Amino acid sequence: MLLSMDKELIQIIGVTLKMSFFSTLISCLIGMPLGVLIEKGSFFGRGLLKKLSSTLMGLPPVVAGLIVYMLFTRYGIFGSLGLLFTVEVMIVAQVMLITPVVLCLTSSVVSVSGNPLKETARGLGLKRGRTLSLFLIHNRRALLSVVLTAFGRSIAEVGAVSLVGGNIQWKTRVMTTAILLETNKGKFTFALALGIVLLIISLIVNVSASLLSKGGKDSDKM
Amino acid sequence: MIRCENTVKRYGERTVLDIKELTVNKGSSVALTGANGSGKSTLLKIIAGTTAFEGTVRASGRILYMPQKIIAFDMSVLSNVTFSLKGRKSEKEERAMAALSRVGLKELYKKNALTLSGGECARLSLARILVNDCDILLLDEPTGAVDIEGTEIIENTVREYISEKERTLIIATHSPLQAKRMADRVIMLQKGSIVEDCSPDELLKAPSTEFGKKFVDMWRY
């Protein structure tokens with residue numbers, strides 16, 4: 001099945017990658033600047049926000065799915081958009097789940113090297129923009145590992161996407177929900193094929209993340 | 001020239017620095033000495049403008065500051081030095097290589113800076129600073145984690161750099177002997193206040209306070 005590249009299999013892989021890519025991208029665009037702000041900023045409620053984001057890191061996917069479902073259901077606040085059971089709303093649920101992870105991991109990267117790096121940059125007379133680019137270059141491995149962790153979490157998620165996506169064939173079916181369905185139907189060959197693909201993708205992502213974070217650990221030579 | 005008036009730094013209720021008046025003339029070399037937590041680094045940070053404070057600090061000219069916590073940027077040794085420079089790549093690299101040569105790291109220019117030893121990191125950090133021009137140079141324990149050979153390289157390089165132009169140097173050090181080698185004036189801090197302000201020889205021979213005597217005696221021992 002894998003070698004003949006079944007049409008449905010390709011479609012499911014495509015939807016999964018699309019959903020994971022966009023949810024990771026949006027989560028990083030929101031979570032990374034917020035992570036820096038929470039660690040470096042001084043504003044009212046900073047401590048509370050930090051605790052809240054740590055708590056949300058452990059948000060059960062089905063709870064996130066339920067919240068998004070209620071928001072996008074016909075009688076929900078965003079019901080008029082008609083997005084329930086689409087890939088878009090699956091991305092929203094994923095963003096809700098992954099953003100706290102990105103935020104907390106970015107915050108910890110900043111807490112490790114932020115201050116000494118900023119002080120060194122200011123000592124060299126670097127302007128704010130140049131200091132930011134130094135931070136991004138210096139922490140590129142650690143930040144890339146944050147991105148990969150987010151992607152890994154997104155691609156492996158099942159509870160929330162199943163709830164808000166509805167696991168509709170040729171539309172919102174992703175690898176994890178398909179595996180669940182095919183297993184329930186007793187179609188183990190297809191489920192296994194999907195499982196292998198998911199495993200390969202997860203393996204690539206996780207090995208890359210662990211290799212990069214290993215590099216990132218050594219990034220501060222004191 | 002640097003002038004501090006009623007310069008105070010507080011962390012909550014705790015006052016870590018309280019300088020009534022301090023003037024450092026242009027072209028002079030001053031060593032800040034004292035025990036851990038005496039306020040040496042805080043004073044340097046204040047002059048460098050990297051921390052908030054109460055009071056007035058006036059400094060004329062470009063200031064370069066090398067913090068105590070040394071960080072090697074995750075890039076090549078050469079890029080570490082060129083990073084703060086502007087201009088054409090070839091010019092930047094030429095200047096960087098000259099700075100690396102001064103601190104004895106020329107051969108390592110291609111290596112990733114994270115692979116350097118602690119002493120090499122300190123020399124790289126100095127090269128990063130000295131590749132730039134400045135009027136005031138602030139060094140916070142630049143040889144804190146460096147062996148004798150490295151200390152000699154750093155001290156010689158700094159002395160050369162200072163003498164090139166009428167540059168002002170303020171160096172924080174635990175060692176009264178390094179203060180003697182590097183500066184013509186020593187300021188000893190205790191609990192954030194100035195307790196000695198004299199020449200290095202005077203400090204070593206006849207400290208005027210009990211704390212000064214104890215501090216110098218410990219170094220002799």
# chains A, B, ... in the order shown; residues from 1 in each chain; ligands from 1
>>> residues_around(residues="range 114-125 of chain B", least_positions_apart="6", cutoff="10 Å", atoms="only C-alpha atoms", output="PyMOL selection string")
(chain A and resi 120+124+215+218-222) or (chain B and resi 66-78+80-81+99-100+102-105+108+141-151+153-154+157)
>>> residues_around(residues="range 82-94 of chain B", least_positions_apart="2", cutoff="8 Å", atoms="only C-alpha atoms", output="list in words")
Leu124, Gly125 and Leu126 of chain A; Leu78, Ser79, Asn80, Ala96, Met97, Ala98, Arg128 and Asn132 of chain B
>>> atom_distance(atom1="CA of Ala31 in chain B", atom2="CA of Arg10 in chain B")
22.9 Å
>>> residues_around(residues="Ala93 in chain A", least_positions_apart="6", cutoff="7 Å", atoms="only C-alpha atoms", output="PDB file with N, CA, C and O atoms, in the first residue's frame")
ATOM      1  N   ALA A  64      -9.343  21.139  24.708  1.00  0.00           N
ATOM      2  CA  ALA A  64      -9.102  22.184  23.700  1.00  0.00           C
ATOM      3  C   ALA A  64     -10.082  22.012  22.548  1.00  0.00           C
ATOM      4  O   ALA A  64     -10.672  22.984  22.056  1.00  0.00           O
ATOM      5  N   GLY A  65     -10.250  20.773  22.130  1.00  0.00           N
ATOM      6  CA  GLY A  65     -11.180  20.469  21.045  1.00  0.00           C
ATOM      7  C   GLY A  65     -12.599  20.876  21.393  1.00  0.00           C
ATOM      8  O   GLY A  65     -13.306  21.478  20.577  1.00  0.00           O
ATOM      9  N   VAL A  68     -12.979  24.711  21.264  1.00  0.00           N
ATOM     10  CA  VAL A  68     -13.037  25.182  19.871  1.00  0.00           C
ATOM     11  C   VAL A  68     -14.356  24.754  19.222  1.00  0.00           C
ATOM     12  O   VAL A  68     -14.981  25.531  18.495  1.00  0.00           O
ATOM     13  N   ALA A 160      -8.324  16.469  19.808  1.00  0.00           N
ATOM     14  CA  ALA A 160      -8.924  17.744  19.403  1.00  0.00           C
ATOM     15  C   ALA A 160      -9.318  17.743  17.931  1.00  0.00           C
ATOM     16  O   ALA A 160     -10.425  18.170  17.566  1.00  0.00           O
ATOM     17  N   VAL A 161      -8.416  17.228  17.071  1.00  0.00           N
ATOM     18  CA  VAL A 161      -8.708  17.269  15.629  1.00  0.00           C
ATOM     19  C   VAL A 161      -9.869  16.348  15.269  1.00  0.00           C
ATOM     20  O   VAL A 161     -10.640  16.623  14.341  1.00  0.00           O
TER      21      VAL A 161
END
>>> closest_residue(among="A:Pro116, A:Gly41, A:Gly195, A:Gly159", to="chain B", atoms="only C-alpha atoms")
A:Pro116
